[in-house]
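run.pdb (PDB, C-alpha atoms)
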```
ATOM      1  CA  ARG A  52       9.982  64.020 117.157
ATOM      2  CA  VAL A  53       8.120  63.097 120.345
ATOM      3  CA  CYS A  54       4.398  63.840 120.188
ATOM      4  CA  ILE A  55       2.171  64.330 123.222
ATOM      5  CA  ARG A  56      -0.177  61.723 121.744
ATOM      6  CA  ASP A  57       2.607  59.139 122.002
ATOM      7  CA  ILE A  58       3.114  59.937 125.666
ATOM      8  CA  CYS A  59      -0.504  60.433 126.721
ATOM      9  CA  PRO A  60      -3.191  59.654 124.121
ATOM     10  CA  GLU A  61      -5.916  61.054 126.392
ATOM     11  CA  ALA A  62      -4.312  64.486 126.527
ATOM     12  CA  ILE A  63      -5.630  65.486 123.132
ATOM     13  CA  LEU A  64      -9.207  65.260 124.387
ATOM     14  CA  VAL A  65      -8.499  67.878 127.039
ATOM     15  CA  CYS A  66      -7.174  70.245 124.384
ATOM     16  CA  MET A  67     -10.269  70.222 122.187
ATOM     17  CA  PRO A  68     -12.942  72.524 123.683
ATOM     18  CA  VAL A  69     -15.498  71.855 120.954
ATOM     19  CA  GLN A  70     -19.225  72.122 121.596
ATOM     20  CA  TRP A  71     -21.255  70.231 119.018
ATOM     21  CA  ILE A  72     -24.727  71.621 118.263
ATOM     22  CA  ALA A  73     -26.274  68.875 116.175
ATOM     23  CA  GLY A  74     -28.153  69.824 113.058
ATOM     24  CA  SER A  75     -31.702  68.569 112.650
ATOM     25  CA  GLY A  76     -32.762  66.720 109.524
ATOM     26  CA  ILE A  77     -31.090  68.244 106.476
ATOM     27  CA  TYR A  78     -29.810  71.252 108.416
ATOM     28  CA  ALA A  79     -26.117  71.416 109.206
ATOM     29  CA  ASN A  80     -24.271  71.022 112.468
ATOM     30  CA  SER A  81     -22.898  74.053 114.235
ATOM     31  CA  PHE A  82     -19.864  74.038 116.489
ATOM     32  CA  VAL A  83     -18.654  76.404 119.168
ATOM     33  CA  TYR A  84     -14.883  76.530 119.420
ATOM     34  CA  ARG A  85     -13.718  78.917 122.098
ATOM     35  CA  ASN A  86     -15.306  82.234 121.057
ATOM     36  CA  ILE A  87     -16.131  81.157 117.484
ATOM     37  CA  LEU A  88     -19.400  79.765 116.146
ATOM     38  CA  ILE A  89     -19.008  77.693 113.010
ATOM     39  CA  ASP A  90     -22.082  77.696 110.754
ATOM     40  CA  ALA A  91     -25.575  78.913 111.539
ATOM     41  CA  GLY A  92     -28.184  76.461 110.313
ATOM     42  CA  VAL A  93     -29.311  75.313 113.765
ATOM     43  CA  PRO A  94     -32.214  76.975 115.617
ATOM     44  CA  PRO A  95     -31.214  80.140 117.492
ATOM     45  CA  MET A  96     -32.277  78.726 120.844
ATOM     46  CA  ALA A  97     -29.703  75.958 120.436
ATOM     47  CA  VAL A  98     -27.013  78.632 120.273
ATOM     48  CA  GLN A  99     -28.433  80.720 123.122
ATOM     49  CA  PRO A 100     -26.430  79.000 125.919
ATOM     50  CA  TYR A 101     -23.191  80.062 124.192
ATOM     51  CA  ALA A 102     -24.316  83.491 123.012
ATOM     52  CA  ASP A 103     -22.328  85.559 125.498
ATOM     53  CA  ALA A 104     -19.073  83.851 124.524
ATOM     54  CA  ILE A 105     -19.447  84.094 120.745
ATOM     55  CA  GLU A 106     -17.460  86.908 119.147
ATOM     56  CA  THR A 107     -17.168  85.597 115.601
ATOM     57  CA  ILE A 108     -19.339  83.503 113.288
ATOM     58  CA  VAL A 109     -17.577  81.655 110.486
ATOM     59  CA  ILE A 110     -19.644  80.188 107.661
ATOM     60  CA  THR A 111     -18.000  77.226 105.930
ATOM     61  CA  HIS A 112     -20.049  77.802 102.770
ATOM     62  CA  ALA A 113     -23.214  79.603 101.783
ATOM     63  CA  HIS A 114     -25.708  76.787 101.222
ATOM     64  CA  TYR A 115     -28.932  77.520 103.059
ATOM     65  CA  ASP A 116     -28.679  74.588 105.459
ATOM     66  CA  HIS A 117     -25.584  76.271 106.928
ATOM     67  CA  ILE A 118     -26.957  79.832 107.078
ATOM     68  CA  ALA A 119     -30.702  79.401 107.667
ATOM     69  CA  HIS A 120     -30.757  81.177 111.036
ATOM     70  CA  LEU A 121     -27.762  83.443 110.613
ATOM     71  CA  ARG A 122     -29.684  86.693 111.014
ATOM     72  CA  GLU A 123     -31.381  85.596 114.241
ATOM     73  CA  ILE A 124     -28.185  84.120 115.677
ATOM     74  CA  VAL A 125     -26.289  87.337 114.987
ATOM     75  CA  ARG A 126     -28.933  89.194 116.954
ATOM     76  CA  ILE A 127     -28.966  86.941 120.013
ATOM     77  CA  CYS A 128     -25.159  86.867 120.133
ATOM     78  CA  GLY A 129     -24.866  90.642 120.226
ATOM     79  CA  ASP A 130     -23.783  91.290 116.643
ATOM     80  CA  PRO A 131     -20.587  89.223 116.305
ATOM     81  CA  ALA A 132     -18.521  89.535 113.131
ATOM     82  CA  VAL A 133     -19.690  87.252 110.309
ATOM     83  CA  SER A 134     -16.932  85.730 108.177
ATOM     84  CA  ILE A 135     -17.106  83.778 104.922
ATOM     85  CA  HIS A 136     -14.824  83.072 101.976
ATOM     86  CA  GLU A 137     -14.887  85.668  99.229
ATOM     87  CA  ALA A 138     -16.161  83.203  96.616
ATOM     88  CA  ASP A 139     -19.265  82.327  98.650
ATOM     89  CA  ALA A 140     -19.993  85.714 100.224
ATOM     90  CA  ALA A 141     -22.723  86.584  97.716
ATOM     91  CA  GLY A 142     -24.690  83.523  98.810
ATOM     92  CA  LEU A 143     -25.612  85.210 102.079
ATOM     93  CA  ALA A 144     -28.014  87.358 100.065
ATOM     94  CA  ASP A 145     -28.415  85.516  96.757
ATOM     95  CA  ASP A 146     -31.143  82.859  96.755
ATOM     96  CA  ALA A 147     -29.744  81.104  93.686
ATOM     97  CA  ARG A 148     -26.279  80.695  95.184
ATOM     98  CA  SER A 149     -27.553  79.613  98.599
ATOM     99  CA  LEU A 150     -30.111  77.183  97.111
ATOM    100  CA  SER A 151     -32.572  78.633  99.624
ATOM    101  CA  LEU A 152     -35.543  78.258  97.282
ATOM    102  CA  LEU A 153     -35.071  74.484  97.447
ATOM    103  CA  PHE A 154     -35.886  74.849 101.147
ATOM    104  CA  GLY A 155     -38.888  77.096 100.496
ATOM    105  CA  ALA A 156     -37.018  79.995 102.094
ATOM    106  CA  ARG A 157     -34.904  83.048 101.351
ATOM    107  CA  SER A 158     -31.265  83.803 102.079
ATOM    108  CA  PRO A 159     -30.681  85.786 105.298
ATOM    109  CA  GLY A 160     -29.680  88.900 103.369
ATOM    110  CA  ILE A 161     -26.559  89.646 105.386
ATOM    111  CA  VAL A 162     -23.419  91.408 104.247
ATOM    112  CA  PRO A 163     -20.398  89.712 105.839
ATOM    113  CA  ASP A 164     -18.127  91.701 108.102
ATOM    114  CA  VAL A 165     -14.998  89.767 107.153
ATOM    115  CA  ILE A 166     -14.059  88.285 103.786
ATOM    116  CA  LEU A 167     -11.830  85.260 104.186
ATOM    117  CA  ARG A 168      -9.132  83.915 101.919
ATOM    118  CA  ASP A 169      -6.937  80.857 101.989
ATOM    119  CA  GLY A 170      -4.290  81.175 104.685
ATOM    120  CA  ASP A 171      -6.178  83.641 106.860
ATOM    121  CA  ARG A 172      -6.614  82.977 110.552
ATOM    122  CA  VAL A 173      -9.651  83.280 112.771
ATOM    123  CA  GLY A 174      -8.316  83.053 116.297
ATOM    124  CA  SER A 175      -6.267  79.861 116.373
ATOM    125  CA  LEU A 176      -8.053  78.434 113.329
ATOM    126  CA  HIS A 177      -6.346  78.454 109.943
ATOM    127  CA  VAL A 178      -8.596  79.000 106.933
ATOM    128  CA  ILE A 179      -8.165  76.391 104.201
ATOM    129  CA  HIS A 180      -9.976  77.082 100.939
ATOM    130  CA  THR A 181     -11.548  73.795  99.851
ATOM    131  CA  PRO A 182     -13.614  74.375  96.709
ATOM    132  CA  GLY A 183     -15.561  71.564  95.115
ATOM    133  CA  HIS A 184     -18.839  71.431  97.014
ATOM    134  CA  THR A 185     -19.118  75.188  96.464
ATOM    135  CA  PRO A 186     -16.607  77.620  94.965
ATOM    136  CA  GLY A 187     -15.913  79.246  98.340
ATOM    137  CA  GLY A 188     -16.080  76.307 100.698
ATOM    138  CA  ILE A 189     -13.579  76.359 103.540
ATOM    139  CA  CYS A 190     -12.282  74.135 106.294
ATOM    140  CA  LEU A 191     -10.878  75.429 109.579
ATOM    141  CA  TYR A 192      -7.856  73.777 111.156
ATOM    142  CA  ASP A 193      -6.161  74.242 114.501
ATOM    143  CA  PRO A 194      -2.631  72.809 114.282
ATOM    144  CA  GLU A 195      -2.205  72.976 118.039
ATOM    145  CA  THR A 196      -5.130  70.682 118.842
ATOM    146  CA  TRP A 197      -5.334  68.748 115.521
ATOM    147  CA  VAL A 198      -8.972  69.778 115.096
ATOM    148  CA  LEU A 199     -10.525  70.188 111.649
ATOM    149  CA  PHE A 200     -13.955  71.671 110.956
ATOM    150  CA  SER A 201     -14.638  70.322 107.486
ATOM    151  CA  GLY A 202     -17.976  71.821 106.470
ATOM    152  CA  ASP A 203     -19.355  69.760 103.591
ATOM    153  CA  THR A 204     -15.982  68.892 102.096
ATOM    154  CA  VAL A 205     -15.582  65.575 103.925
ATOM    155  CA  PHE A 206     -17.672  63.676 106.459
ATOM    156  CA  CYS A 207     -16.859  61.050 109.023
ATOM    157  CA  GLY A 208     -17.050  57.541 107.677
ATOM    158  CA  GLY A 209     -15.257  58.382 104.441
ATOM    159  CA  SER A 210     -17.943  60.263 102.524
ATOM    160  CA  PHE A 211     -17.632  63.617 100.813
ATOM    161  CA  GLY A 212     -19.724  66.591  99.781
ATOM    162  CA  ARG A 213     -21.871  66.643  96.681
ATOM    163  CA  TYR A 214     -20.451  68.364  93.628
ATOM    164  CA  ASP A 215     -23.562  68.293  91.406
ATOM    165  CA  PHE A 216     -25.039  71.542  92.714
ATOM    166  CA  PRO A 217     -24.398  74.812  90.847
ATOM    167  CA  GLY A 218     -20.773  75.780  91.429
ATOM    168  CA  GLY A 219     -19.730  72.235  92.317
ATOM    169  CA  ASP A 220     -16.596  70.758  90.791
ATOM    170  CA  ARG A 221     -15.448  67.157  91.196
ATOM    171  CA  VAL A 222     -11.857  67.875  90.199
ATOM    172  CA  ALA A 223     -11.648  70.768  92.658
ATOM    173  CA  LEU A 224     -13.195  68.653  95.415
ATOM    174  CA  ALA A 225     -10.664  65.872  94.844
ATOM    175  CA  ALA A 226      -7.815  68.383  95.054
ATOM    176  CA  SER A 227      -9.279  69.869  98.239
ATOM    177  CA  ILE A 228      -9.569  66.486  99.931
ATOM    178  CA  GLU A 229      -6.052  65.581  98.835
ATOM    179  CA  ARG A 230      -4.836  68.738 100.514
ATOM    180  CA  LEU A 231      -6.647  67.815 103.731
ATOM    181  CA  THR A 232      -4.921  64.422 103.833
ATOM    182  CA  GLU A 233      -1.658  66.271 104.384
ATOM    183  CA  LEU A 234      -2.874  67.622 107.727
ATOM    184  CA  ASP A 235      -2.430  65.946 111.089
ATOM    185  CA  VAL A 236      -6.081  65.550 112.113
ATOM    186  CA  GLU A 237      -7.518  63.898 115.192
ATOM    187  CA  GLY A 238     -10.851  65.628 115.799
ATOM    188  CA  LEU A 239     -12.969  65.811 112.639
ATOM    189  CA  TYR A 240     -16.082  67.967 112.888
ATOM    190  CA  PRO A 241     -18.149  67.851 109.679
ATOM    191  CA  GLY A 242     -21.170  69.801 108.532
ATOM    192  CA  HIS A 243     -23.446  66.756 108.801
ATOM    193  CA  GLY A 244     -23.399  63.600 110.874
ATOM    194  CA  GLU A 245     -21.503  62.801 114.018
ATOM    195  CA  PRO A 246     -17.974  64.067 114.589
ATOM    196  CA  VAL A 247     -15.052  61.979 115.783
ATOM    197  CA  THR A 248     -12.484  63.028 118.375
ATOM    198  CA  ARG A 249      -9.753  60.612 117.279
ATOM    199  CA  GLY A 250      -8.363  59.366 114.013
ATOM    200  CA  GLY A 251      -9.959  62.036 111.846
ATOM    201  CA  GLY A 252      -7.200  61.720 109.286
ATOM    202  CA  ARG A 253      -8.249  58.150 108.525
ATOM    203  CA  HIS A 254     -11.744  59.362 107.630
ATOM    204  CA  ILE A 255     -10.299  61.998 105.310
ATOM    205  CA  ALA A 256      -8.097  59.397 103.607
ATOM    206  CA  ALA A 257     -11.121  57.136 103.180
ATOM    207  CA  ALA A 258     -13.052  60.006 101.564
ATOM    208  CA  ARG A 259     -10.183  60.558  99.154
ATOM    209  CA  GLU A 260     -10.260  56.910  98.089
ATOM    210  CA  ALA A 261     -14.072  56.859  97.865
ATOM    211  CA  LEU A 262     -14.107  59.894  95.585
ATOM    212  CA  ARG A 263     -11.289  58.459  93.495
ATOM    213  CA  TYR A 264     -13.026  55.157  92.837
ATOM    214  CA  TYR A 265     -16.734  55.756  93.300
ATOM    215  CA  GLY A 266     -17.265  59.506  92.950
TER     216      GLY A 266
END
```
Output the file's structure as structure tokens, nothing else.
Amino acid sequence: RVCIRDICPEAILVCMPVQWIAGSGIYANSFVYRNILIDAGVPPMAVQPYADAIETIVITHAHYDHIAHLREIVRICGDPAVSIHEADAAGLADDARSLSLLFGARSPGIVPDVILRDGDRVGSLHVIHTPGHTPGGICLYDPETWVLFSGDTVFCGGSFGRYDFPGGDRVALAASIERLTELDVEGLYPGHGEPVTRGGGRHIAAAREALRYYG
């Protein structure tokens, strides 16, 4: 099978309209992908330039660093639909599940508009349930552009999400990462740290090996 990357390696960069909104300190990155905002831990003013285009907010998991400003962002974006996996949905209002008290804060107290499950689609993004860091953690994958938004399941550089918080599960995390290695990934956009636009699959494979031997 001939792949466009074999013919023109630069072409993939044109096909990945991802806007990275870098998280500050311990707060998570957000990404704008077409009309979708992924995660809502960044300050609302950082999202403001994209507000008119955002129709859906997808939360990769309900830890507070990913949802800290969800209520305010919903307001400035004109009330887009909020989506989250069914196993983490309660964390949008439950301080214990969101770990918000560790941040000296409270959960945003939002009821999601859409409950996600493995295999669902949000626009062109396929929902992949990746428990381990939390019970309802998800990744979002676009098979047309080889883009993966990995939340706190895997990070660039071969690291992986913690599994020692309430609801964490090392065995589940290992199975989730193994599943991600089966995808064709170029752009890897994690919940923390810098993303990469090429070779994302190598970072996922490195995370699998790191968890296997050092996790």
Name the residues that the PyMOL selection byres ((chain A and resi 92-105) around 8) picks from the file above, as an NGL selection string, using the file's chain letters and numbers.
:A and (72-75 or 78-81 or 83 or 85-88 or 90-91 or 106-108 or 115-121 or 123-124 or 127-129 or 131)
Take the residues that were just selected and, keeping C-alpha atoms, output them as a CSV table (one decimal), in the frame of the given file.
```csv
chain,number,residue,atom,x,y,z
A,72,ILE,CA,-24.7,71.6,118.3
A,73,ALA,CA,-26.3,68.9,116.2
A,74,GLY,CA,-28.2,69.8,113.1
A,75,SER,CA,-31.7,68.6,112.6
A,78,TYR,CA,-29.8,71.3,108.4
A,79,ALA,CA,-26.1,71.4,109.2
A,80,ASN,CA,-24.3,71.0,112.5
A,81,SER,CA,-22.9,74.1,114.2
A,83,VAL,CA,-18.7,76.4,119.2
A,85,ARG,CA,-13.7,78.9,122.1
A,86,ASN,CA,-15.3,82.2,121.1
A,87,ILE,CA,-16.1,81.2,117.5
A,88,LEU,CA,-19.4,79.8,116.1
A,90,ASP,CA,-22.1,77.7,110.8
A,91,ALA,CA,-25.6,78.9,111.5
A,106,GLU,CA,-17.5,86.9,119.1
A,107,THR,CA,-17.2,85.6,115.6
A,108,ILE,CA,-19.3,83.5,113.3
A,115,TYR,CA,-28.9,77.5,103.1
A,116,ASP,CA,-28.7,74.6,105.5
A,117,HIS,CA,-25.6,76.3,106.9
A,118,ILE,CA,-27.0,79.8,107.1
A,119,ALA,CA,-30.7,79.4,107.7
A,120,HIS,CA,-30.8,81.2,111.0
A,121,LEU,CA,-27.8,83.4,110.6
A,123,GLU,CA,-31.4,85.6,114.2
A,124,ILE,CA,-28.2,84.1,115.7
A,127,ILE,CA,-29.0,86.9,120.0
A,128,CYS,CA,-25.2,86.9,120.1
A,129,GLY,CA,-24.9,90.6,120.2
A,131,PRO,CA,-20.6,89.2,116.3
```
If the PyMOL selection byres ((chain A and resi 179) around 12) were run on this exact file, what residues would it hold? Put them as a tab-separated table (two decimals) with C-alpha atoms, keeping the file's coordinate frame.
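Output saved as expr.tsv:
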```tsv
chain	number	residue	atom	x	y	z
A	111	THR	CA	-18.00	77.23	105.93
A	135	ILE	CA	-17.11	83.78	104.92
A	136	HIS	CA	-14.82	83.07	101.98
A	167	LEU	CA	-11.83	85.26	104.19
A	168	ARG	CA	-9.13	83.92	101.92
A	169	ASP	CA	-6.94	80.86	101.99
A	170	GLY	CA	-4.29	81.18	104.68
A	171	ASP	CA	-6.18	83.64	106.86
A	172	ARG	CA	-6.61	82.98	110.55
A	173	VAL	CA	-9.65	83.28	112.77
A	176	LEU	CA	-8.05	78.43	113.33
A	177	HIS	CA	-6.35	78.45	109.94
A	178	VAL	CA	-8.60	79.00	106.93
A	180	HIS	CA	-9.98	77.08	100.94
A	181	THR	CA	-11.55	73.80	99.85
A	182	PRO	CA	-13.61	74.38	96.71
A	187	GLY	CA	-15.91	79.25	98.34
A	188	GLY	CA	-16.08	76.31	100.70
A	189	ILE	CA	-13.58	76.36	103.54
A	190	CYS	CA	-12.28	74.14	106.29
A	191	LEU	CA	-10.88	75.43	109.58
A	192	TYR	CA	-7.86	73.78	111.16
A	193	ASP	CA	-6.16	74.24	114.50
A	199	LEU	CA	-10.52	70.19	111.65
A	200	PHE	CA	-13.96	71.67	110.96
A	201	SER	CA	-14.64	70.32	107.49
A	202	GLY	CA	-17.98	71.82	106.47
A	204	THR	CA	-15.98	68.89	102.10
A	227	SER	CA	-9.28	69.87	98.24
A	228	ILE	CA	-9.57	66.49	99.93
A	230	ARG	CA	-4.84	68.74	100.51
A	231	LEU	CA	-6.65	67.82	103.73
A	234	LEU	CA	-2.87	67.62	107.73
```
Report, in Å with one decimal, the straight-line distance from atom CA of Leu262 of chain A to atom CA of Thr185 of chain A.
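Computed distance, atom CA of Leu262 of chain A to atom CA of Thr185 of chain A, equals 16.1 Å.
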For Tyr84 of chain A, which residue out of A:Ala113, A:Val198, A:Val165, A:Ala223 is the nearest one, using all atoms listed in the file?
A:Val198
Determine the residue set returned by the PyMOL selection byres ((chain A and resi 159) around 10) for the present structure, and present it as number ranges by chain.
A: 115, 118-123, 142-146, 149, 151, 156-158, 160-162
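Atom CA of Arg263 of chain A is found 26.7 Å from atom CA of Pro194 of chain A.
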If we count all atoms listed in the file, what is near Val236 of chain A at a cut-off of 6 Å, once residues fewer than 5 positions away on the same chain are taken out, given as a short mmCIF file (atom, residue, chain, number, x, y, z; two decimals) with C-alpha atoms, keeping the file's coordinate frame?
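Saved file result.cif follows:
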```
data_model
loop_
_atom_site.label_atom_id
_atom_site.label_comp_id
_atom_site.auth_asym_id
_atom_site.auth_seq_id
_atom_site.Cartn_x
_atom_site.Cartn_y
_atom_site.Cartn_z
CA TRP A 197 -5.33 68.75 115.52
CA VAL A 198 -8.97 69.78 115.10
CA GLY A 251 -9.96 62.04 111.85
CA GLY A 252 -7.20 61.72 109.29
#
```
Point-to-point distance from atom CA of Arg249 of chain A to atom CA of Ala261 of chain A, Å rounded to tenths:
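Calculated distance between atom CA of Arg249 of chain A and atom CA of Ala261 of chain A is 20.2 Å.
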All file atoms of segment 147-156 of chain A boxed axis-aligned, 3 Å per side, centre plus edges, as AutoDock Vina command-line options:
```
--center_x -32.6 --center_y 77.8 --center_z 97.9 --size_x 18.6 --size_y 12.6 --size_z 14.4
```
Can you pull out every residue within 9 Å of Glu245 of chain A, counting only C-alpha atoms, but drop anything in the same chain fewer than 3 positions away, and send it as a VMD selection string?
chain A and resid 71 73 80 206 to 207 240 to 242
Kindly save the residues from that selection, with C-alpha atoms included, as an mmCIF file, keeping the file's coordinate frame.
```cif
data_model
loop_
_atom_site.group_PDB
_atom_site.id
_atom_site.type_symbol
_atom_site.label_atom_id
_atom_site.label_comp_id
_atom_site.auth_asym_id
_atom_site.auth_seq_id
_atom_site.Cartn_x
_atom_site.Cartn_y
_atom_site.Cartn_z
ATOM 1 C CA TRP A 71 -21.255 70.231 119.018
ATOM 2 C CA ALA A 73 -26.274 68.875 116.175
ATOM 3 C CA ASN A 80 -24.271 71.022 112.468
ATOM 4 C CA PHE A 206 -17.672 63.676 106.459
ATOM 5 C CA CYS A 207 -16.859 61.050 109.023
ATOM 6 C CA TYR A 240 -16.082 67.967 112.888
ATOM 7 C CA PRO A 241 -18.149 67.851 109.679
ATOM 8 C CA GLY A 242 -21.170 69.801 108.532
#
```
Choose the residue, out of A:His114, A:Glu237, A:Val205, A:Pro246, that has the smallest atom-to-atom separation from Leu152 of chain A; count all atoms listed in the file.
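Of A:His114, A:Glu237, A:Val205, A:Pro246, the one nearest Leu152 of chain A, counting all atoms listed in the file, is A:His114.
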Pick the closest to His184 of chain A from A:Ala257, A:Leu153, A:Leu224, A:Val133: which is it, counting only C-alpha atoms?
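Under the stated criterion, the closest residue is A:Leu224.
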